[in-house]
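Below is one structure, written out as C-alpha cells, with a few remarks after it.
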Amino acid sequence: MDQVRELMSKDLFAKHSNVELVEVGEGRAVARMEVHDYHYNGFQVVMGGAIFTLADFAFAAACNSYGIPAVALGVHIAFMKGGKGNILTAEATEISKTKRTGHYQMIVTDEEGDVVAQMHGIAYRKAS
C-alpha cells in the first residue's frame, strides 16, 4: 500500500484542498478533509466541489490499491445535507471488480456521523 500512498501524495489539488489519505487497503480507502473558510460557498455550507474532491480522492486511492493504474470512467454524486463540524470523511468501498473495471461506492460523513453525500464511481484499469 506504500505505492498507493506515494501516488496519492502527488495529488496537489487534494493537498491544496486539505484532503488527506487516512487508510487504504485492497479495494477500499478512507480520506478526510479538515474544513476551512475557503471550503464554504455563498450559502455558508461546504461547497459541493469540495465534497466531490474528498470523495473522488478516496475513490482514486481505492481503485488504485491493486497496483494497476486506474482512472475514472464516470461518477455520480448525490448531496444529502450540509455537513456539521470541522472534519468530513469519505469512505470508498469496492462493490465489484473485473480485470478492467471496478465499481465503487463513496460515503461522505460529517463529525456527527451523518451522511453528507453518496457517490458511485466506475474505474477503468489500464493494461499493466
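Ordering of the C-alpha cells sets the chain letters (A, B, ...), residue numbers begin anew at 1 in every chain, and ligands are numbered from 1 in the order given.
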
Residues within 8 Å of Ile77 (chain A), only C-alpha atoms, excluding chain neighbours under 2 positions, as a PDB file with N, CA and C atoms, in the first residue's frame:
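Once everything was written out, this is result38.pdb:
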ATOM      1  N   PHE A  52     -17.029  16.760  -3.421  1.00  0.00           N
ATOM      2  CA  PHE A  52     -16.694  15.884  -4.548  1.00  0.00           C
ATOM      3  C   PHE A  52     -15.197  15.557  -4.545  1.00  0.00           C
ATOM      4  N   VAL A  75     -18.691   9.130 -12.746  1.00  0.00           N
ATOM      5  CA  VAL A  75     -19.127   9.184 -11.351  1.00  0.00           C
ATOM      6  C   VAL A  75     -20.487   9.873 -11.277  1.00  0.00           C
ATOM      7  N   PHE A  79     -25.975  14.783  -3.078  1.00  0.00           N
ATOM      8  CA  PHE A  79     -25.753  15.510  -1.829  1.00  0.00           C
ATOM      9  C   PHE A  79     -26.978  15.353  -0.942  1.00  0.00           C
ATOM     10  N   ALA A 117     -23.009  13.090   1.622  1.00  0.00           N
ATOM     11  CA  ALA A 117     -23.107  12.785   0.198  1.00  0.00           C
ATOM     12  C   ALA A 117     -22.796  11.311  -0.040  1.00  0.00           C
ATOM     13  N   GLN A 118     -23.302  10.827  -1.162  1.00  0.00           N
ATOM     14  CA  GLN A 118     -23.007   9.468  -1.598  1.00  0.00           C
ATOM     15  C   GLN A 118     -22.602   9.555  -3.064  1.00  0.00           C
ATOM     16  N   MET A 119     -21.515   8.859  -3.412  1.00  0.00           N
ATOM     17  CA  MET A 119     -21.032   8.891  -4.770  1.00  0.00           C
ATOM     18  C   MET A 119     -20.802   7.464  -5.273  1.00  0.00           C
ATOM     19  N   HIS A 120     -21.103   7.234  -6.537  1.00  0.00           N
ATOM     20  CA  HIS A 120     -20.813   5.951  -7.180  1.00  0.00           C
ATOM     21  C   HIS A 120     -19.827   6.237  -8.302  1.00  0.00           C
TER      22      HIS A 120
END

Once DSSP has gone over the backbone, tell me which residues of region 21-122 of chain A are in strand (DSSP E or B), as JSON, numbers by chain. {"A": [21, 22, 23, 24, 25, 28, 29, 30, 31, 32, 33, 34, 40, 46, 70, 71, 72, 73, 74, 75, 76, 77, 78, 79, 87, 88, 89, 90, 91, 92, 93, 94, 95, 96, 97, 101, 102, 103, 104, 105, 106, 107, 108, 109, 115, 116, 117, 118, 119, 120, 121, 122]}

Report, in Å with one decimal, the straight-line distance from CA of Val22 (chain A) to CA of Gln44 (chain A). 26.5 Å

Quick one: residues within 12 Å of Gly83 (chain A), only C-alpha atoms, excluding same-chain residues fewer than 5 positions away - as a list in words?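 Near neighbours after the sequence-gap exclusion: Met33, Glu34, Val35, His39, Tyr40, Gln44, Val45, Val46, Met47, Gly48, Ala50, Ile51, Leu88, Thr89, Val108, Thr109, Asp110, Glu111, Glu112, Gly113, Asp114, Val115, Val116 and Ala117 of chain A.
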
Mind pulling up the distance from CA of Glu94 (chain A) to CA of Ala62 (chain A)? 7.3 Å

From the list A:His103, A:Lys81, A:His16, A:Arg5, the nearest residue to Phe59 (chain A) using only C-alpha atoms is A:His103

Residue with smallest distance to Ile68 (chain A) - pool A:Val4, A:Leu12, A:Asn41, A:Gly121, counting only C-alpha atoms: A:Val4

As a PDB file with C-alpha atoms, in the first residue's frame, which residues of chain A does DSSP assign to alpha helix (DSSP H)?
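Listed below is the output, result34.pdb:
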ATOM      1  CA  ASP A   2       3.040   2.282   0.143  1.00  0.00           C
ATOM      2  CA  GLN A   3       2.791   2.590  -3.634  1.00  0.00           C
ATOM      3  CA  VAL A   4      -0.775   3.959  -3.334  1.00  0.00           C
ATOM      4  CA  ARG A   5       0.205   6.354  -0.556  1.00  0.00           C
ATOM      5  CA  GLU A   6       3.047   7.666  -2.721  1.00  0.00           C
ATOM      6  CA  LEU A   7       0.723   8.101  -5.718  1.00  0.00           C
ATOM      7  CA  MET A   8      -1.877   9.939  -3.646  1.00  0.00           C
ATOM      8  CA  SER A   9       0.757  12.201  -2.060  1.00  0.00           C
ATOM      9  CA  LEU A  12      -1.541  18.564  -5.495  1.00  0.00           C
ATOM     10  CA  PHE A  13      -5.189  19.600  -5.841  1.00  0.00           C
ATOM     11  CA  ALA A  14      -6.199  17.351  -2.955  1.00  0.00           C
ATOM     12  CA  LYS A  15      -3.296  18.660  -0.895  1.00  0.00           C
ATOM     13  CA  HIS A  16      -4.326  22.248  -1.677  1.00  0.00           C
ATOM     14  CA  GLY A  48     -20.265  20.627  -3.482  1.00  0.00           C
ATOM     15  CA  GLY A  49     -16.963  20.749  -5.344  1.00  0.00           C
ATOM     16  CA  ALA A  50     -15.044  20.372  -2.075  1.00  0.00           C
ATOM     17  CA  ILE A  51     -17.170  17.375  -1.075  1.00  0.00           C
ATOM     18  CA  PHE A  52     -16.694  15.884  -4.548  1.00  0.00           C
ATOM     19  CA  THR A  53     -12.916  16.356  -4.288  1.00  0.00           C
ATOM     20  CA  LEU A  54     -12.858  14.457  -0.994  1.00  0.00           C
ATOM     21  CA  ALA A  55     -14.979  11.573  -2.336  1.00  0.00           C
ATOM     22  CA  ASP A  56     -13.011  11.451  -5.597  1.00  0.00           C
ATOM     23  CA  PHE A  57      -9.707  11.254  -3.705  1.00  0.00           C
ATOM     24  CA  ALA A  58     -10.949   8.246  -1.686  1.00  0.00           C
ATOM     25  CA  PHE A  59     -12.223   6.684  -4.941  1.00  0.00           C
ATOM     26  CA  ALA A  60      -8.828   7.145  -6.608  1.00  0.00           C
ATOM     27  CA  ALA A  61      -6.986   5.553  -3.693  1.00  0.00           C
ATOM     28  CA  ALA A  62      -9.351   2.564  -3.549  1.00  0.00           C
ATOM     29  CA  CYS A  63      -9.337   1.809  -7.277  1.00  0.00           C
TER      30      CYS A  63
END

Take CA of Gly25 (chain A) and CA of Gly85 (chain A) and report the distance between them in Å, one decimal.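 Calculated distance between CA of Gly25 (chain A) and CA of Gly85 (chain A) is 26.9 Å.
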
Residues within 8 Å of Leu73 (chain A), please, as a list of chain:residue names. Count only C-alpha atoms; anything in the same chain fewer than 3 positions from it doesn't count.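 Here the qualifying residues turn out to be A:Gly121, A:Ile122, A:Ala123, A:Tyr124.
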